[in-house]
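Participant: What follows is target-v7.txt; its format and atoms are compact mmCIF, C-alpha atoms.
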# COMPACT_ATOMS: atom_id res chain seq x y z
CA MET A 262 -25.36 82.78 181.39
CA PRO A 263 -23.54 82.71 178.01
CA PRO A 264 -20.43 84.87 177.74
CA THR A 265 -21.08 88.30 176.27
CA LYS A 266 -19.02 89.35 173.29
CA THR A 267 -17.69 92.86 173.59
CA ARG A 268 -16.10 94.72 170.71
CA PRO A 269 -12.51 95.77 171.34
CA ARG A 270 -12.10 99.33 172.53
CA LEU A 271 -12.09 101.95 169.78
CA THR A 272 -9.65 104.86 169.92
CA LEU A 273 -10.27 107.88 167.71
CA HIS A 274 -7.88 110.58 166.61
CA SER A 275 -8.90 113.38 164.25
CA GLN A 276 -7.37 116.49 162.75
CA THR A 277 -8.23 118.83 159.89
CA VAL A 278 -5.27 120.18 157.94
CA PRO A 279 -4.98 122.63 155.05
CA ALA A 280 -4.53 120.70 151.79
CA ARG A 281 -0.88 121.57 151.36
CA LEU A 282 2.17 119.37 150.88
CA ASP A 283 3.89 120.88 153.93
CA GLN A 284 1.07 119.48 156.09
CA LEU A 285 1.76 115.85 155.24
CA GLU A 286 4.21 115.45 158.09
CA ALA A 287 1.45 116.42 160.55
CA VAL A 288 -0.81 113.83 158.91
CA CYS A 289 1.93 111.23 159.39
CA GLN A 290 2.15 112.05 163.09
CA LEU A 291 -1.59 111.47 163.44
CA VAL A 292 -1.40 108.18 161.54
CA ASP A 293 1.50 107.09 163.74
CA LEU A 294 -0.59 107.87 166.82
CA GLY A 295 -3.44 105.77 165.42
CA ALA A 296 -1.10 102.95 164.42
CA ARG A 297 0.42 102.84 167.90
CA SER A 298 -3.08 102.73 169.40
CA SER A 299 -3.72 99.69 167.20
CA GLY A 300 -0.58 98.05 168.53
CA PHE A 301 1.32 98.30 165.23
CA ASP A 302 5.11 98.20 165.30
CA ASP A 303 7.27 101.00 163.87
CA ARG A 304 7.65 99.38 160.46
CA THR A 305 3.91 98.78 160.00
CA SER A 306 3.16 102.29 161.23
CA TYR A 307 5.64 103.68 158.70
CA ALA A 308 4.01 101.70 155.87
CA CYS A 309 0.63 103.16 156.86
CA GLN A 310 2.12 106.67 157.00
CA LEU A 311 3.50 106.16 153.49
CA ALA A 312 0.13 105.00 152.14
CA VAL A 313 -1.83 107.83 153.75
CA THR A 314 0.78 110.36 152.59
CA GLU A 315 0.34 109.15 149.01
CA ALA A 316 -3.44 109.41 149.28
CA CYS A 317 -3.23 112.95 150.71
CA GLU A 318 -0.74 113.99 148.05
CA ASN A 319 -3.22 112.85 145.41
CA ILE A 320 -5.92 114.96 147.04
CA VAL A 321 -3.65 118.04 147.04
CA LYS A 322 -2.28 117.59 143.52
CA HIS A 323 -5.11 115.92 141.60
CA GLY A 324 -8.10 116.95 143.73
CA TYR A 325 -7.74 120.55 144.81
CA ARG A 326 -4.93 121.14 142.27
CA GLU A 327 -3.92 124.35 144.04
CA PRO A 328 -2.05 124.25 147.36
CA GLY A 329 -4.25 125.33 150.27
CA ALA A 330 -7.42 125.44 148.16
CA GLY A 331 -9.26 123.43 150.83
CA ASP A 332 -8.87 121.11 153.80
CA ILE A 333 -8.46 117.41 154.47
CA ARG A 334 -10.05 115.89 157.54
CA VAL A 335 -8.06 112.94 158.77
CA THR A 336 -9.62 110.53 161.26
CA THR A 337 -7.97 107.38 162.57
CA ARG A 338 -9.98 104.61 164.22
CA SER A 339 -7.88 102.14 166.14
CA ARG A 340 -8.79 98.73 167.47
CA PRO A 341 -6.24 96.16 168.52
CA GLY A 342 -4.61 94.92 165.31
CA GLU A 343 -6.69 97.13 163.02
CA LEU A 344 -6.35 100.72 161.84
CA THR A 345 -8.86 102.60 159.72
CA VAL A 346 -7.96 106.00 158.27
CA ASP A 347 -10.71 108.20 156.84
CA LEU A 348 -9.79 111.09 154.57
CA VAL A 349 -12.51 113.60 153.73
CA ASP A 350 -12.04 116.51 151.35
CA SER A 351 -14.23 118.83 149.30
CA ALA A 352 -12.18 118.78 146.10
CA PRO A 353 -13.79 117.74 142.80
CA PRO A 354 -14.51 114.00 142.58
CA PHE A 355 -11.32 111.93 142.50
CA ASN A 356 -11.53 108.18 142.92
CA PRO A 357 -8.09 106.65 143.45
CA THR A 358 -9.53 103.13 143.54
CA THR A 359 -10.24 103.22 139.80
CA ALA A 360 -6.78 104.41 138.72
CA MET A 361 -4.53 101.52 137.83
CA PRO A 362 -0.83 101.76 138.65
CA ASP A 363 1.38 100.62 135.80
CA ASP A 364 3.19 97.56 137.11
CA ASP A 365 4.22 96.16 133.76
CA TRP A 366 7.53 97.77 132.89
CA GLU A 367 11.14 96.92 132.18
CA ALA A 368 14.21 97.99 134.13
CA ALA A 369 15.56 99.70 131.00
CA ASP A 370 12.60 102.08 131.02
CA PRO A 371 11.32 102.43 134.58
CA PRO A 372 8.13 104.36 135.35
CA VAL A 373 8.51 107.84 136.77
CA GLY A 374 4.97 108.11 138.18
CA GLY A 375 2.21 105.91 139.51
CA ARG A 376 4.24 104.58 142.45
CA GLY A 377 2.01 106.21 145.06
CA LEU A 378 -1.06 104.20 144.07
CA LEU A 379 0.99 101.03 144.12
CA ILE A 380 2.21 101.80 147.63
CA ILE A 381 -1.36 102.41 148.83
CA ARG A 382 -2.54 99.11 147.37
CA ARG A 383 0.38 97.12 148.67
CA VAL A 384 0.14 98.47 152.22
CA MET A 385 -3.59 98.68 152.81
CA ASP A 386 -5.95 95.71 153.01
CA ASP A 387 -9.07 97.61 152.09
CA ILE A 388 -9.55 100.84 150.10
CA ARG A 389 -12.99 102.35 149.67
CA TYR A 390 -14.07 105.56 147.99
CA GLU A 391 -17.41 107.32 148.14
CA ARG A 392 -18.63 110.66 146.87
CA ARG A 393 -21.13 112.00 149.40
CA GLY A 394 -22.65 115.33 148.47
CA HIS A 395 -19.76 117.56 147.57
CA ARG A 396 -17.16 115.58 149.51
CA ASN A 397 -14.77 112.75 148.72
CA HIS A 398 -14.58 110.05 151.40
CA LEU A 399 -11.63 107.70 151.20
CA ARG A 400 -11.32 104.90 153.75
CA LEU A 401 -8.06 102.99 154.09
CA ARG A 402 -7.89 99.98 156.39
CA LYS A 403 -4.92 97.99 157.61
CA ARG A 404 -5.17 94.78 159.59
CA LEU A 405 -2.38 92.88 161.25
CA LEU A 406 -2.22 89.25 160.30
CA THR A 407 -3.15 86.96 163.17
CA PRO A 408 -2.23 83.28 163.49
CA ALA A 409 -5.83 82.46 162.45
CA ASP A 410 -5.22 84.25 159.10
CA MET B 35 15.91 117.21 154.64
CA ASP B 36 19.65 117.85 154.32
CA ILE B 37 21.81 117.19 151.26
CA LYS B 38 25.59 117.02 151.30
CA SER B 39 27.73 116.15 148.31
CA GLN B 40 31.31 115.13 147.79
CA VAL B 41 32.81 114.97 144.33
CA TYR B 42 35.49 112.36 143.70
CA LYS B 43 37.44 111.76 140.53
CA ARG B 44 34.91 109.34 139.03
CA VAL B 45 32.04 109.41 141.51
CA VAL B 46 29.65 111.92 143.05
CA ALA B 47 28.63 110.91 146.57
CA VAL B 48 25.48 112.52 147.92
CA THR B 49 24.32 112.11 151.51
CA VAL B 50 20.61 112.65 152.04
CA THR B 51 19.17 112.81 155.54
CA GLY B 52 15.72 113.45 156.95
CA ARG B 53 12.37 113.40 155.26
CA VAL B 54 12.15 113.12 151.46
CA ASP B 55 8.54 113.71 150.43
CA SER B 56 6.53 115.92 148.10
CA ALA B 57 7.42 118.98 150.19
CA THR B 58 11.19 118.43 149.83
CA ALA B 59 11.67 116.32 146.67
CA ALA B 60 12.06 119.38 144.44
CA ASP B 61 15.12 120.47 146.44
CA LEU B 62 16.68 117.03 146.02
CA GLU B 63 15.91 117.06 142.31
CA ALA B 64 17.51 120.50 141.87
CA ALA B 65 20.63 119.41 143.76
CA LEU B 66 21.01 116.20 141.76
CA ASN B 67 20.39 118.03 138.46
CA ALA B 68 23.09 120.56 139.28
CA LEU B 69 25.54 117.81 140.22
CA THR B 70 24.72 115.87 137.04
CA ASN B 71 25.54 118.93 134.95
CA GLU B 72 28.65 119.94 136.84
CA ALA B 73 30.23 116.87 138.37
CA GLY B 74 29.43 113.70 136.43
CA SER B 75 27.02 110.83 136.09
CA ASN B 76 28.26 108.14 138.50
CA PHE B 77 26.24 108.69 141.64
CA VAL B 78 26.36 107.15 145.08
CA LEU B 79 23.39 108.13 147.20
CA ASP B 80 23.95 107.57 150.90
CA LEU B 81 20.43 107.06 152.26
CA GLY B 82 21.47 105.92 155.73
CA GLY B 83 19.84 108.95 157.37
CA VAL B 84 16.58 108.97 155.40
CA ASP B 85 13.66 108.52 157.79
CA PHE B 86 10.83 108.98 155.26
CA LEU B 87 10.83 108.38 151.51
CA SER B 88 7.59 108.89 149.59
CA SER B 89 6.85 108.33 145.91
CA SER B 90 7.85 111.95 145.20
CA GLY B 91 11.36 111.20 146.44
CA LEU B 92 11.40 107.91 144.56
CA ARG B 93 10.42 109.79 141.41
CA VAL B 94 13.56 111.94 141.78
CA LEU B 95 15.73 108.83 142.13
CA VAL B 96 14.20 107.31 139.00
CA THR B 97 14.44 110.47 136.89
CA THR B 98 18.07 110.93 137.96
CA LEU B 99 18.81 107.30 137.10
CA LYS B 100 17.23 107.69 133.66
CA SER B 101 19.12 110.91 133.08
CA VAL B 102 22.60 109.62 134.01
CA ARG B 103 22.11 106.35 132.13
CA LYS B 104 22.11 108.37 128.91
CA THR B 105 25.78 109.15 129.48
CA GLY B 106 26.71 105.71 130.79
CA GLY B 107 26.28 106.61 134.45
CA ASP B 108 24.38 104.95 137.28
CA VAL B 109 22.76 105.67 140.64
CA ARG B 110 23.89 103.28 143.38
CA LEU B 111 22.63 103.29 146.94
CA ALA B 112 24.79 103.14 150.05
CA GLN B 113 23.59 101.85 153.44
CA PRO B 114 19.93 102.76 152.88
CA SER B 115 17.88 102.93 156.07
CA GLN B 116 15.22 100.26 156.60
CA ARG B 117 12.60 102.94 155.90
CA ALA B 118 14.21 103.82 152.55
CA ILE B 119 14.41 100.13 151.65
CA ASP B 120 10.76 99.56 152.60
CA ALA B 121 9.62 102.48 150.41
CA ILE B 122 11.69 101.30 147.43
CA ASN B 123 10.37 97.75 147.80
CA LEU B 124 6.74 98.81 148.24
CA ALA B 125 7.02 100.90 145.08
CA GLY B 126 8.41 97.89 143.22
CA LEU B 127 11.61 99.73 142.33
CA ASP B 128 14.09 97.45 144.10
CA VAL B 129 15.20 95.91 140.80
CA LEU B 130 16.50 99.29 139.60
CA PHE B 131 19.17 100.14 142.15
CA LYS B 132 22.34 98.38 143.22
CA VAL B 133 22.57 98.54 147.00
CA PHE B 134 25.82 98.53 149.02
CA PRO B 135 26.24 98.15 152.78
CA ASP B 136 28.47 101.23 153.10
CA ARG B 137 29.66 104.30 151.17
CA GLU B 138 33.16 102.97 150.55
CA SER B 139 32.02 99.82 148.79
CA ALA B 140 29.47 101.80 146.75
CA ILE B 141 32.14 104.29 145.64
CA ALA B 142 34.62 101.50 144.91
CA SER B 143 32.06 99.72 142.72
CA TYR B 144 32.60 102.28 139.92
Please lay out the structure from this file as structure tokens.

Facilitator:
Amino acid sequence: MPPTKTRPRLTLHSQTVPARLDQLEAVCQLVDLGARSSGFDDRTSYACQLAVTEACENIVKHGYREPGAGDIRVTTRSRPGELTVDLVDSAPPFNPTTAMPDDDWEAADPPVGGRGLLIIRRVMDDIRYERRGHRNHLRLRKRLLTPAD
Amino acid sequence: MDIKSQVYKRVVAVTVTGRVDSATAADLEAALNALTNEAGSNFVLDLGGVDFLSSSGLRVLVTTLKSVRKTGGDVRLAQPSQRAIDAINLAGLDVLFKVFPDRESAIASY
């Protein structure tokens, strides 16, 4: 009988938080939990926490625009070596994948904004946005490099 | 987040500890603005105790740097934690700040 391929075990963590800046620490704790379940080390977990924090901050500031005007549902899906973070909110459409961070600047005149998007892009391997009904769905995925990569 | 400052003859040393994110960055900005107005423009930021630094905190560092440069000052970093370094590097801002392994050498660099 040929060997059966089984998908690695999936671990889910989920939490809904009010869309306020003081809730981002709680989001980080959830992302850390997911990252640990994926076998990520502290530094990789921190990078993921940074990226998800930036995405949530965008939702609060540029999506809802008013603190506490809605919620963000955060779901982490962990498999060995891979973490997926889904962010769902009901703010007006905001697609962070189309905004381009300004990475062409000189040290004499450094940019004050736009760093969050750059952090998201540098940390995450895959960023997908969808508008479904009246909700924004943002999926961020991080994979650990394996020797085969 | 905690902020402590010490004013020397030519240098303002500021120790930042804890989490610097969008919920706390405004406090850091207010503290640095006040020190810029009252104490001078040569800053040493001791980031050894920073355990989270988001783009909101980085924005404060950059705006302070731009502000003090107008009067010939600078913002130099002392013993930044690995997490602070990672955030600065990921944001592509590592070219902006001189980094020193300890407070003394950062202060002496002015």

Participant: Given the choices B:Val46, B:Thr58, B:Val96, B:Val84, which gets closest to Gln116 in chain B if the distance is worked out from only C-alpha atoms?

Facilitator: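 Answer, going by the shortest atom-to-atom distance: B:Val84.
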
Participant: Only residues of chain B matter here; which ones have an atom within 9 Å of chain A, counting only C-alpha atoms? Give them as a ChimeraX atom specification.

Facilitator: /B:53,55-58,86-90,92-94,96-97,100,116-117,120-121,124-127,129-130

Participant: Taking all atoms of range 71-90 of chain B that the file lists and extending 3 Å past them on each side, where is the centre of the axis-aligned box and how long are its edges? Answer in Å to one decimal, as AutoDock Vina command-line options.

Facilitator:
--center_x 18.5 --center_y 112.9 --center_z 146.4 --size_x 29.4 --size_y 20.0 --size_z 28.8

Participant: Calculate how many Å separate CA of Lys132 in chain B from CA of Leu111 in chain B, rounding to one decimal.

Facilitator: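 CA of Leu111 in chain B lies at a distance of 6.2 Å from CA of Lys132 in chain B.
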
Participant: Compare A:Met385, A:Ile333, A:Val278, A:Leu399 by their minimum atom-to-atom distance to Pro357 in chain A, counting all atoms listed in the file, and give me the closest one.

Facilitator: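 Going through A:Met385, A:Ile333, A:Val278, A:Leu399 one by one, the smallest distance to Pro357 in chain A is for A:Leu399.
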
Participant: Please tell me which residues are no farther than 6 Å from (24.5, 106.9, 150.9) in the file, counting all atoms listed in the file, and write them as a PyMOL selection string.

Facilitator: chain B and resi 49+79-82+111-113+137

Participant: Between A:Asn356, A:Ser351, A:Gly342, A:Cys309, which has the minimum distance to His395 in chain A (counting all atoms listed in the file)?

Facilitator: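 Under the stated criterion, the closest residue is A:Ser351.
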
Participant: For CA of Leu62 in chain B and CA of Tyr325 in chain A, determine how far apart the two atoms are, in Å to one decimal place.

Facilitator: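 For CA of Leu62 in chain B relative to CA of Tyr325 in chain A, the distance reads 24.7 Å.
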
Participant: Go through B:Gly91, B:Val78, B:Ser101, B:Asp85 one by one, measure the shortest atom-to-atom distance of each to Phe134 in chain B using all atoms listed in the file, and give the residue with the smallest value.

Facilitator: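 Of B:Gly91, B:Val78, B:Ser101, B:Asp85, the one nearest Phe134 in chain B, counting all atoms listed in the file, is B:Val78.
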
Participant: Between CA of Ile141 in chain B and CA of Val109 in chain B, what is the distance, to one decimal in Å?

Facilitator: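 One can read the CA of Ile141 in chain B to CA of Val109 in chain B distance as 10.7 Å.
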
Participant: Could you list, as a PyMOL selection string, every residue within 7 Å of Ala296 in chain A, counting only C-alpha atoms and ignoring same-chain residues fewer than 4 positions away?

Facilitator: chain A and resi 292+300-301+306+344
